[in-house]
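Okay, work19.cif is below, mmCIF, C-alpha atoms and all ligand atoms:
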data_data
#
loop_
_atom_site.group_PDB
_atom_site.id
_atom_site.type_symbol
_atom_site.label_atom_id
_atom_site.label_comp_id
_atom_site.auth_asym_id
_atom_site.auth_seq_id
_atom_site.Cartn_x
_atom_site.Cartn_y
_atom_site.Cartn_z
ATOM 1 C CA MET A 77 15.013 -71.693 30.479
ATOM 2 C CA PRO A 78 17.492 -72.796 33.095
ATOM 3 C CA ALA A 79 19.086 -76.216 32.968
ATOM 4 C CA ALA A 80 17.152 -77.776 35.817
ATOM 5 C CA GLY A 81 13.765 -78.862 34.748
ATOM 6 C CA ALA A 82 10.141 -79.197 35.708
ATOM 7 C CA ASN A 83 7.812 -82.088 36.450
ATOM 8 C CA ALA A 84 6.294 -81.719 33.019
ATOM 9 C CA SER A 85 3.947 -84.439 31.962
ATOM 10 C CA ALA A 86 3.283 -83.285 28.427
ATOM 11 C CA PRO A 87 6.108 -82.077 26.232
ATOM 12 C CA ALA A 88 5.649 -78.614 24.765
ATOM 13 C CA THR A 89 6.577 -79.894 21.346
ATOM 14 C CA PRO A 90 6.720 -83.390 19.887
ATOM 15 C CA PRO A 91 9.807 -84.998 21.371
ATOM 16 C CA ALA A 92 12.873 -85.008 19.215
ATOM 17 C CA PRO A 93 13.907 -88.565 18.293
ATOM 18 C CA HIS A 94 17.058 -88.245 20.344
ATOM 19 C CA PRO A 95 19.104 -85.484 21.911
ATOM 20 C CA GLU A 96 21.576 -83.733 19.687
ATOM 21 C CA PRO A 97 25.171 -84.779 20.260
ATOM 22 C CA PRO A 98 27.536 -82.103 21.440
ATOM 23 C CA GLY A 99 29.358 -80.402 18.612
ATOM 24 C CA THR A 100 32.053 -77.825 18.816
ATOM 25 C CA GLY A 101 30.456 -74.821 17.185
ATOM 26 C CA ARG A 102 27.140 -72.986 17.278
ATOM 27 C CA ARG A 103 24.909 -74.081 14.455
ATOM 28 C CA VAL A 104 23.407 -71.466 12.159
ATOM 29 C CA TYR A 105 19.686 -72.104 12.028
ATOM 30 C CA ASN A 106 17.172 -71.509 9.298
ATOM 31 C CA ARG A 107 15.206 -68.527 10.521
ATOM 32 C CA GLY A 108 11.961 -69.133 8.734
ATOM 33 C CA PRO A 109 10.333 -69.689 5.387
ATOM 34 C CA SER A 110 12.870 -69.250 2.630
ATOM 35 C CA LYS A 111 12.536 -68.334 -0.989
ATOM 36 C CA PRO A 112 14.104 -70.788 -3.444
ATOM 37 C CA ASN A 113 17.176 -68.570 -3.588
ATOM 38 C CA GLY A 114 17.562 -68.859 0.180
ATOM 39 C CA GLN A 115 16.422 -65.341 1.081
ATOM 40 C CA VAL A 116 14.423 -65.206 4.301
ATOM 41 C CA GLN A 117 10.968 -63.715 3.806
ATOM 42 C CA MET A 118 10.761 -61.672 6.957
ATOM 43 C CA SER A 119 11.197 -58.029 7.726
ATOM 44 C CA GLN A 120 14.641 -57.163 9.003
ATOM 45 C CA GLN A 121 13.363 -56.112 12.439
ATOM 46 C CA ASP A 122 11.441 -59.308 13.140
ATOM 47 C CA ALA A 123 13.796 -61.753 11.471
ATOM 48 C CA ASN A 124 15.658 -62.731 14.638
ATOM 49 C CA VAL A 125 13.024 -65.096 16.000
ATOM 50 C CA ASP A 126 12.400 -68.801 15.722
ATOM 51 C CA PRO A 127 8.603 -69.194 15.641
ATOM 52 C CA ALA A 128 8.881 -72.792 16.861
ATOM 53 C CA GLU A 129 10.705 -71.579 19.978
ATOM 54 C CA VAL A 130 8.047 -68.970 20.721
ATOM 55 C CA ALA A 131 5.314 -71.583 20.142
ATOM 56 C CA LYS A 132 6.800 -73.831 22.857
ATOM 57 C CA PHE A 133 6.313 -71.092 25.430
ATOM 58 C CA GLU A 134 2.896 -70.082 24.102
ATOM 59 C CA ALA A 135 1.616 -73.641 24.576
ATOM 60 C CA LEU A 136 2.565 -73.640 28.255
ATOM 61 C CA ALA A 137 1.873 -69.990 29.069
ATOM 62 C CA ALA A 138 -1.305 -70.540 31.131
ATOM 63 C CA ARG A 139 0.796 -72.307 33.769
ATOM 64 C CA TRP A 140 3.506 -69.657 33.951
ATOM 65 C CA TRP A 141 2.723 -68.492 37.499
ATOM 66 C CA ASP A 142 2.211 -71.998 38.908
ATOM 67 C CA PRO A 143 5.410 -72.653 40.876
ATOM 68 C CA GLU A 144 4.968 -76.408 40.374
ATOM 69 C CA SER A 145 4.512 -76.176 36.582
ATOM 70 C CA GLU A 146 7.132 -76.565 33.854
ATOM 71 C CA PHE A 147 8.291 -73.086 34.846
ATOM 72 C CA TRP A 148 9.354 -74.025 38.357
ATOM 73 C CA PRO A 149 13.044 -73.477 37.596
ATOM 74 C CA LEU A 150 12.298 -69.845 36.716
ATOM 75 C CA HIS A 151 10.339 -69.446 39.968
ATOM 76 C CA ARG A 152 13.228 -70.938 41.900
ATOM 77 C CA MET A 153 15.783 -68.772 40.098
ATOM 78 C CA ASN A 154 13.905 -65.543 40.644
ATOM 79 C CA PRO A 155 15.003 -64.637 44.195
ATOM 80 C CA MET A 156 18.645 -65.347 43.345
ATOM 81 C CA ARG A 157 18.707 -63.255 40.170
ATOM 82 C CA LEU A 158 16.652 -60.485 41.755
ATOM 83 C CA ASP A 159 19.101 -60.169 44.637
ATOM 84 C CA TYR A 160 21.997 -60.243 42.177
ATOM 85 C CA LEU A 161 20.477 -57.382 40.155
ATOM 86 C CA ASP A 162 19.653 -55.356 43.242
ATOM 87 C CA GLU A 163 23.130 -55.806 44.698
ATOM 88 C CA ARG A 164 25.137 -55.198 41.549
ATOM 89 C CA VAL A 165 22.996 -52.624 39.746
ATOM 90 C CA GLY A 166 20.329 -51.442 42.225
ATOM 91 C CA LEU A 167 16.704 -51.556 41.095
ATOM 92 C CA ALA A 168 14.868 -48.775 42.950
ATOM 93 C CA GLY A 169 14.254 -45.778 40.703
ATOM 94 C CA LYS A 170 15.843 -47.421 37.660
ATOM 95 C CA ARG A 171 14.292 -47.602 34.199
ATOM 96 C CA VAL A 172 14.510 -51.281 33.309
ATOM 97 C CA LEU A 173 13.783 -53.269 30.145
ATOM 98 C CA ASP A 174 13.213 -57.035 30.484
ATOM 99 C CA VAL A 175 13.787 -58.674 27.074
ATOM 100 C CA GLY A 176 12.011 -62.023 26.585
ATOM 101 C CA CYS A 177 10.017 -61.397 29.751
ATOM 102 C CA GLY A 178 7.604 -64.316 29.247
ATOM 103 C CA GLY A 179 4.861 -64.394 31.890
ATOM 104 C CA GLY A 180 6.608 -61.627 33.809
ATOM 105 C CA LEU A 181 8.192 -63.357 36.818
ATOM 106 C CA LEU A 182 11.279 -61.175 36.805
ATOM 107 C CA SER A 183 9.622 -58.033 35.395
ATOM 108 C CA GLU A 184 7.095 -57.948 38.239
ATOM 109 C CA ALA A 185 9.648 -58.714 40.900
ATOM 110 C CA MET A 186 11.890 -55.865 39.681
ATOM 111 C CA ALA A 187 8.919 -53.475 39.612
ATOM 112 C CA ALA A 188 8.031 -54.533 43.160
ATOM 113 C CA ARG A 189 11.544 -53.437 44.166
ATOM 114 C CA GLY A 190 10.931 -49.952 42.835
ATOM 115 C CA ALA A 191 12.049 -50.102 39.200
ATOM 116 C CA THR A 192 9.992 -48.740 36.309
ATOM 117 C CA VAL A 193 9.810 -51.820 34.121
ATOM 118 C CA THR A 194 8.970 -52.490 30.491
ATOM 119 C CA GLY A 195 8.732 -56.173 29.539
ATOM 120 C CA ILE A 196 8.934 -57.303 25.900
ATOM 121 C CA ASP A 197 8.418 -60.719 24.344
ATOM 122 C CA LEU A 198 7.354 -62.082 20.963
ATOM 123 C CA GLY A 199 4.897 -64.562 22.492
ATOM 124 C CA GLU A 200 1.376 -63.154 22.776
ATOM 125 C CA ALA A 201 0.211 -65.820 25.235
ATOM 126 C CA PRO A 202 2.944 -65.263 27.852
ATOM 127 C CA LEU A 203 2.332 -61.502 27.575
ATOM 128 C CA ALA A 204 -1.411 -61.980 28.109
ATOM 129 C CA VAL A 205 -0.648 -64.031 31.224
ATOM 130 C CA ALA A 206 1.810 -61.366 32.402
ATOM 131 C CA ARG A 207 -0.781 -58.597 31.949
ATOM 132 C CA LEU A 208 -3.468 -60.585 33.770
ATOM 133 C CA HIS A 209 -1.160 -61.239 36.679
ATOM 134 C CA LEU A 210 -0.747 -57.497 37.252
ATOM 135 C CA HIS A 211 -4.382 -57.411 38.392
ATOM 136 C CA GLU A 212 -3.548 -59.943 41.059
ATOM 137 C CA SER A 213 -0.316 -58.384 42.236
ATOM 138 C CA GLY A 214 -1.205 -54.707 41.886
ATOM 139 C CA VAL A 215 2.270 -54.087 40.445
ATOM 140 C CA GLU A 216 2.770 -51.910 37.327
ATOM 141 C CA VAL A 217 4.711 -53.167 34.309
ATOM 142 C CA ASP A 218 4.394 -52.023 30.702
ATOM 143 C CA TYR A 219 4.253 -55.177 28.543
ATOM 144 C CA ARG A 220 4.735 -55.014 24.784
ATOM 145 C CA CYS A 221 4.910 -57.552 21.984
ATOM 146 C CA ILE A 222 7.955 -56.293 20.108
ATOM 147 C CA SER A 223 11.459 -57.545 19.349
ATOM 148 C CA ALA A 224 14.495 -56.005 21.006
ATOM 149 C CA GLU A 225 15.715 -54.958 17.554
ATOM 150 C CA ALA A 226 12.475 -53.110 16.744
ATOM 151 C CA LEU A 227 12.358 -51.438 20.157
ATOM 152 C CA ALA A 228 15.971 -50.324 19.735
ATOM 153 C CA ALA A 229 14.969 -48.508 16.559
ATOM 154 C CA GLU A 230 12.288 -46.701 18.595
ATOM 155 C CA GLN A 231 13.851 -46.123 22.017
ATOM 156 C CA ALA A 232 17.642 -46.172 21.686
ATOM 157 C CA GLY A 233 19.501 -44.920 24.764
ATOM 158 C CA SER A 234 16.508 -45.131 27.118
ATOM 159 C CA TYR A 235 17.221 -47.692 29.848
ATOM 160 C CA ASP A 236 19.435 -47.840 32.941
ATOM 161 C CA LEU A 237 19.298 -51.643 32.961
ATOM 162 C CA VAL A 238 18.415 -54.248 30.345
ATOM 163 C CA THR A 239 17.835 -57.804 31.554
ATOM 164 C CA CYS A 240 17.704 -60.682 29.110
ATOM 165 C CA MET A 241 17.328 -63.925 31.041
ATOM 166 C CA GLU A 242 17.050 -67.459 29.657
ATOM 167 C CA LEU A 243 16.300 -66.102 26.193
ATOM 168 C CA LEU A 244 19.490 -66.009 24.143
ATOM 169 C CA GLU A 245 19.592 -69.814 23.807
ATOM 170 C CA HIS A 246 16.211 -69.674 22.039
ATOM 171 C CA VAL A 247 17.129 -66.998 19.471
ATOM 172 C CA PRO A 248 18.652 -67.635 16.009
ATOM 173 C CA GLU A 249 21.090 -64.708 16.225
ATOM 174 C CA PRO A 250 21.885 -63.934 19.858
ATOM 175 C CA ASP A 251 24.541 -61.426 18.796
ATOM 176 C CA SER A 252 21.812 -59.329 17.168
ATOM 177 C CA THR A 253 19.762 -59.431 20.399
ATOM 178 C CA ILE A 254 22.822 -58.375 22.389
ATOM 179 C CA ARG A 255 23.466 -55.472 19.975
ATOM 180 C CA ALA A 256 19.856 -54.349 20.328
ATOM 181 C CA CYS A 257 20.085 -54.530 24.140
ATOM 182 C CA ALA A 258 23.247 -52.414 24.005
ATOM 183 C CA ARG A 259 21.543 -49.772 21.843
ATOM 184 C CA LEU A 260 18.618 -49.610 24.276
ATOM 185 C CA LEU A 261 20.909 -48.684 27.187
ATOM 186 C CA LYS A 262 21.648 -45.159 28.299
ATOM 187 C CA PRO A 263 25.364 -44.339 28.227
ATOM 188 C CA GLY A 264 26.807 -46.018 31.343
ATOM 189 C CA GLY A 265 23.765 -48.307 31.597
ATOM 190 C CA GLN A 266 24.115 -51.973 32.488
ATOM 191 C CA ALA A 267 22.908 -55.216 30.934
ATOM 192 C CA VAL A 268 22.595 -58.664 32.499
ATOM 193 C CA PHE A 269 22.263 -61.759 30.315
ATOM 194 C CA SER A 270 21.735 -65.293 31.557
ATOM 195 C CA THR A 271 21.912 -68.452 29.485
ATOM 196 C CA ILE A 272 23.461 -71.946 29.317
ATOM 197 C CA ASN A 273 27.073 -72.689 28.447
ATOM 198 C CA ARG A 274 27.912 -75.013 25.534
ATOM 199 C CA THR A 275 29.867 -77.676 27.425
ATOM 200 C CA PRO A 276 29.588 -81.459 27.810
ATOM 201 C CA GLN A 277 28.386 -80.859 31.395
ATOM 202 C CA ALA A 278 25.546 -78.629 30.185
ATOM 203 C CA TYR A 279 24.657 -81.205 27.535
ATOM 204 C CA LEU A 280 24.498 -83.902 30.210
ATOM 205 C CA PHE A 281 22.551 -81.922 32.801
ATOM 206 C CA ALA A 282 20.339 -79.642 30.712
ATOM 207 C CA ILE A 283 19.401 -82.031 27.927
ATOM 208 C CA VAL A 284 20.169 -85.686 28.667
ATOM 209 C CA GLY A 285 19.428 -85.452 32.394
ATOM 210 C CA ALA A 286 16.630 -82.911 32.624
ATOM 211 C CA GLU A 287 14.774 -83.718 29.400
ATOM 212 C CA TYR A 288 15.462 -87.404 28.758
ATOM 213 C CA LEU A 289 16.421 -89.289 31.914
ATOM 214 C CA LEU A 290 14.474 -87.453 34.592
ATOM 215 C CA ASN A 291 11.687 -85.954 32.436
ATOM 216 C CA MET A 292 12.079 -82.742 34.383
ATOM 217 C CA LEU A 293 11.799 -80.456 31.340
ATOM 218 C CA PRO A 294 9.669 -80.985 28.235
ATOM 219 C CA ARG A 295 11.791 -82.725 25.596
ATOM 220 C CA GLY A 296 13.012 -80.318 22.960
ATOM 221 C CA THR A 297 13.142 -77.374 25.396
ATOM 222 C CA HIS A 298 16.802 -76.850 24.628
ATOM 223 C CA GLN A 299 19.038 -77.414 21.621
ATOM 224 C CA TYR A 300 22.668 -77.974 22.441
ATOM 225 C CA ALA A 301 23.962 -76.112 19.404
ATOM 226 C CA ARG A 302 22.238 -72.953 20.629
ATOM 227 C CA PHE A 303 23.987 -72.905 23.982
ATOM 228 C CA ILE A 304 26.458 -70.048 24.270
ATOM 229 C CA ARG A 305 29.958 -69.982 25.648
ATOM 230 C CA PRO A 306 30.739 -67.034 27.924
ATOM 231 C CA ALA A 307 33.643 -66.057 25.649
ATOM 232 C CA GLU A 308 31.247 -65.837 22.692
ATOM 233 C CA MET A 309 28.855 -63.675 24.681
ATOM 234 C CA VAL A 310 31.687 -61.396 25.813
ATOM 235 C CA ARG A 311 32.936 -61.093 22.209
ATOM 236 C CA TRP A 312 29.486 -60.228 20.833
ATOM 237 C CA ALA A 313 28.984 -57.741 23.652
ATOM 238 C CA ARG A 314 32.343 -56.098 22.976
ATOM 239 C CA VAL A 315 31.383 -55.597 19.333
ATOM 240 C CA ALA A 316 28.232 -53.893 20.673
ATOM 241 C CA ALA A 317 30.374 -51.572 22.861
ATOM 242 C CA LEU A 318 29.430 -53.378 26.063
ATOM 243 C CA GLU A 319 32.244 -53.994 28.498
ATOM 244 C CA ALA A 320 32.147 -57.211 30.555
ATOM 245 C CA ARG A 321 32.064 -56.517 34.309
ATOM 246 C CA GLU A 322 31.695 -60.109 35.529
ATOM 247 C CA VAL A 323 30.510 -63.579 34.581
ATOM 248 C CA VAL A 324 29.108 -65.674 37.428
ATOM 249 C CA GLY A 325 27.974 -69.270 37.520
ATOM 250 C CA VAL A 326 24.475 -70.263 38.541
ATOM 251 C CA ARG A 327 24.359 -73.581 40.353
ATOM 252 C CA PHE A 328 21.348 -75.814 40.909
ATOM 253 C CA ASN A 329 21.007 -77.775 44.128
ATOM 254 C CA PRO A 330 18.717 -80.723 43.294
ATOM 255 C CA LEU A 331 17.961 -81.566 46.939
ATOM 256 C CA ALA A 332 16.830 -78.073 47.866
ATOM 257 C CA ARG A 333 15.607 -77.400 44.313
ATOM 258 C CA SER A 334 17.244 -74.003 44.582
ATOM 259 C CA PHE A 335 19.723 -71.917 42.610
ATOM 260 C CA ARG A 336 22.611 -69.852 43.855
ATOM 261 C CA VAL A 337 25.453 -67.815 42.425
ATOM 262 C CA ALA A 338 28.652 -69.881 42.496
ATOM 263 C CA PRO A 339 31.959 -69.762 40.608
ATOM 264 C CA PRO A 340 31.604 -72.555 38.028
ATOM 265 C CA THR A 341 30.146 -71.204 34.800
ATOM 266 C CA ASP A 342 30.109 -74.539 32.984
ATOM 267 C CA ILE A 343 26.296 -74.957 32.968
ATOM 268 C CA ASN A 344 24.093 -71.937 33.777
ATOM 269 C CA TYR A 345 25.640 -68.504 34.081
ATOM 270 C CA MET A 346 24.842 -64.775 34.228
ATOM 271 C CA ALA A 347 26.986 -61.979 32.856
ATOM 272 C CA LEU A 348 26.992 -58.283 33.735
ATOM 273 C CA PHE A 349 27.989 -55.678 31.128
ATOM 274 C CA GLN A 350 28.238 -51.907 31.040
ATOM 275 C CA ARG A 351 27.829 -49.542 28.135
ATOM 276 C CA GLY A 352 30.554 -46.956 27.849
ATOM 277 C CA SER A 353 29.528 -43.456 28.886
HETATM 278 N N1 LIG B 1 13.059 -64.132 30.755
HETATM 279 C C1 LIG B 1 11.963 -64.869 31.366
HETATM 280 C C2 LIG B 1 11.369 -65.937 30.471
HETATM 281 C C3 LIG B 1 12.344 -66.910 29.847
HETATM 282 S S1 LIG B 1 11.546 -68.107 28.791
HETATM 283 C C4 LIG B 1 12.460 -65.443 32.669
HETATM 284 O O1 LIG B 1 13.664 -65.751 32.757
HETATM 285 O O2 LIG B 1 11.685 -65.609 33.608
HETATM 286 C C5 LIG B 1 11.973 -67.473 27.179
HETATM 287 C C6 LIG B 1 11.022 -66.403 26.662
HETATM 288 O O3 LIG B 1 11.587 -65.885 25.474
HETATM 289 C C7 LIG B 1 9.623 -66.899 26.267
HETATM 290 O O4 LIG B 1 8.656 -66.092 26.866
HETATM 291 C C8 LIG B 1 9.584 -66.737 24.740
HETATM 292 O O5 LIG B 1 8.298 -66.376 24.260
HETATM 293 C C9 LIG B 1 10.570 -65.622 24.534
HETATM 294 N N2 LIG B 1 11.183 -65.546 23.207
HETATM 295 C C10 LIG B 1 11.631 -66.537 22.412
HETATM 296 N N3 LIG B 1 12.209 -66.029 21.307
HETATM 297 C C11 LIG B 1 12.129 -64.672 21.433
HETATM 298 C C12 LIG B 1 12.593 -63.586 20.637
HETATM 299 N N4 LIG B 1 13.244 -63.802 19.494
HETATM 300 N N5 LIG B 1 12.362 -62.324 21.073
HETATM 301 C C13 LIG B 1 11.726 -62.113 22.256
HETATM 302 N N6 LIG B 1 11.283 -63.098 23.055
HETATM 303 C C14 LIG B 1 11.479 -64.357 22.635
#

Step by step, read the file and then write its structure as structure tokens.
Amino acid sequence: MPAAGANASAPATPPAPHPEPPGTGRRVYNRGPSKPNGQVQMSQQDANVDPAEVAKFEALAARWWDPESEFWPLHRMNPMRLDYLDERVGLAGKRVLDVGCGGGLLSEAMAARGATVTGIDLGEAPLAVARLHLHESGVEVDYRCISAEALAAEQAGSYDLVTCMELLEHVPEPDSTIRACARLLKPGGQAVFSTINRTPQAYLFAIVGAEYLLNMLPRGTHQYARFIRPAEMVRWARVAALEAREVVGVRFNPLARSFRVAPPTDINYMALFQRGS
């Protein structure tokens, strides 16, 4: 989710007692039920998910397409990111995968611009909402409940563009997601990731401001330690043979409640990568 929040009345999860203080590094999270010896009891392909994170979005999913719901920042971001994708990559005629598609705001919008879109998510409820919405819009999107890692084992080298927006900060091992996205790309294909930087400014705006002072986002939506610095993203992408093309800031204007692309990357940002051909 972006750093600006919604007019949420009920938190998606019980509020944390207090926001986490900024630390310097990314914390390694427990990924699920562990055996006494510390081994995670999950299959390799589905291990990179935090069920509590998915549950937050499942609880709110019915309101996904309500532009005044908790998801209003995603609604407000959509035109900006859609234009960015169309300008930089071009959507018409492209085969696109939207990883962590949620209720399908971006997937549908890309399909409406002429792309052939597959949307994947590990939340059943957001996917059900996304599928229902297709009846209303008349747009075609193929929605599947599968992880990026599992899909990469099935469909490596298949997509012209992989989008992964506002997801990486909810995943235990974002580098694994990035590797899977890279594998899913055709040679020369492009990937766009958006997330929140791990800076004091992001801590102040995205957590203290949006979740605690202004009650704009449900408390517990974001965990500071999971925010990602652009340099970390670029490093993980490089390991996955993705070359960074550009990193752009995404700025929120609280008066207009709108987002735009702007140079500072200290809070929200998007990054464009290309797989070698
Ligand atoms: N990308 C969408 C939705 C962002 S909300 C948009 O920007 O409009 C984050 C989404 O990620 C939720 O739908 C949640 O269910 C999903 N999610 C969380 N962890 C996931 C994981 N490990 N794999 C795939 N999706 C995940």

* To do: Around ligand LIG 1 (chain B), at most 9 Å away and counting only C-alpha atoms and all ligand atoms, which residues are there? Put them as a count of residues only, please.
  => 59

* Residue among A:Met156, A:Ala316, A:Val324, A:Ala188 lying closest to Ser213 (chain A), counting only C-alpha atoms -> A:Ala188

* Have a look at CA of Leu208 (chain A) and CA of Thr192 (chain A) and let me know their distance in Å, one decimal. =>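 According to the coordinates, CA of Leu208 (chain A) and CA of Thr192 (chain A) are separated by 18.1 Å.
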
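Reported to one decimal place, the separation of CA of Ala191 (chain A) from CA of Gly264 (chain A) is 17.2 Å.
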
* Atomic separation - CA of Asp162 (chain A) relative to CA of Arg305 (chain A), Å -> 25.1 Å

* Evaluate the PyMOL selection byres (((chain A and resi 307) around 12) and not hetatm) and record the selected residues as a ChimeraX atom specification, following the chain and residue labels used in the document. => /A:273-274,303-306,308-314,320,322-323,341-342,345,347

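The residue set within 9 Å of Pro276 (chain A), counting all atoms listed in the file and dropping same-chain residues fewer than 2 places from it, reads Pro98, Arg274, Ala278, Tyr279, Leu280, Phe281, Asp342 and Ile343 of chain A.
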
* Where does the PyMOL selection byres (((chain A and resi 328) around 10) and not hetatm) land in this file, that is, which residues does it pick, as number ranges by chain? -> A: 78-80, 149, 152-153, 325-327, 329-338, 343-344

Those selected residues, please, written with C-alpha atoms and delivered as a compact mmCIF listing (two decimals), in the frame of the given file.
# COMPACT_ATOMS: atom_id res chain seq x y z
CA PRO A 78 17.49 -72.80 33.10
CA ALA A 79 19.09 -76.22 32.97
CA ALA A 80 17.15 -77.78 35.82
CA PRO A 149 13.04 -73.48 37.60
CA ARG A 152 13.23 -70.94 41.90
CA MET A 153 15.78 -68.77 40.10
CA GLY A 325 27.97 -69.27 37.52
CA VAL A 326 24.48 -70.26 38.54
CA ARG A 327 24.36 -73.58 40.35
CA ASN A 329 21.01 -77.78 44.13
CA PRO A 330 18.72 -80.72 43.29
CA LEU A 331 17.96 -81.57 46.94
CA ALA A 332 16.83 -78.07 47.87
CA ARG A 333 15.61 -77.40 44.31
CA SER A 334 17.24 -74.00 44.58
CA PHE A 335 19.72 -71.92 42.61
CA ARG A 336 22.61 -69.85 43.86
CA VAL A 337 25.45 -67.82 42.42
CA ALA A 338 28.65 -69.88 42.50
CA ILE A 343 26.30 -74.96 32.97
CA ASN A 344 24.09 -71.94 33.78

* Asked: Applied to this file, what does the PyMOL selection byres (((chain A and resi 348-353) around 7) and not hetatm) return in terms of residues, put as a list in words?
  -> Ala258, Pro263, Gly264, Gly265, Gln266, Ala267, Val268, Phe269, Ala317, Leu318, Glu319, Ala320, Arg321, Glu322, Val323, Met346 and Ala347 of chain A

May I have the residues from that selection written out with C-alpha atoms, as an mmCIF file, in the frame of the given file?
data_model
loop_
_atom_site.group_PDB
_atom_site.id
_atom_site.type_symbol
_atom_site.label_atom_id
_atom_site.label_comp_id
_atom_site.auth_asym_id
_atom_site.auth_seq_id
_atom_site.Cartn_x
_atom_site.Cartn_y
_atom_site.Cartn_z
ATOM 1 C CA ALA A 258 23.247 -52.414 24.005
ATOM 2 C CA PRO A 263 25.364 -44.339 28.227
ATOM 3 C CA GLY A 264 26.807 -46.018 31.343
ATOM 4 C CA GLY A 265 23.765 -48.307 31.597
ATOM 5 C CA GLN A 266 24.115 -51.973 32.488
ATOM 6 C CA ALA A 267 22.908 -55.216 30.934
ATOM 7 C CA VAL A 268 22.595 -58.664 32.499
ATOM 8 C CA PHE A 269 22.263 -61.759 30.315
ATOM 9 C CA ALA A 317 30.374 -51.572 22.861
ATOM 10 C CA LEU A 318 29.430 -53.378 26.063
ATOM 11 C CA GLU A 319 32.244 -53.994 28.498
ATOM 12 C CA ALA A 320 32.147 -57.211 30.555
ATOM 13 C CA ARG A 321 32.064 -56.517 34.309
ATOM 14 C CA GLU A 322 31.695 -60.109 35.529
ATOM 15 C CA VAL A 323 30.510 -63.579 34.581
ATOM 16 C CA MET A 346 24.842 -64.775 34.228
ATOM 17 C CA ALA A 347 26.986 -61.979 32.856
#
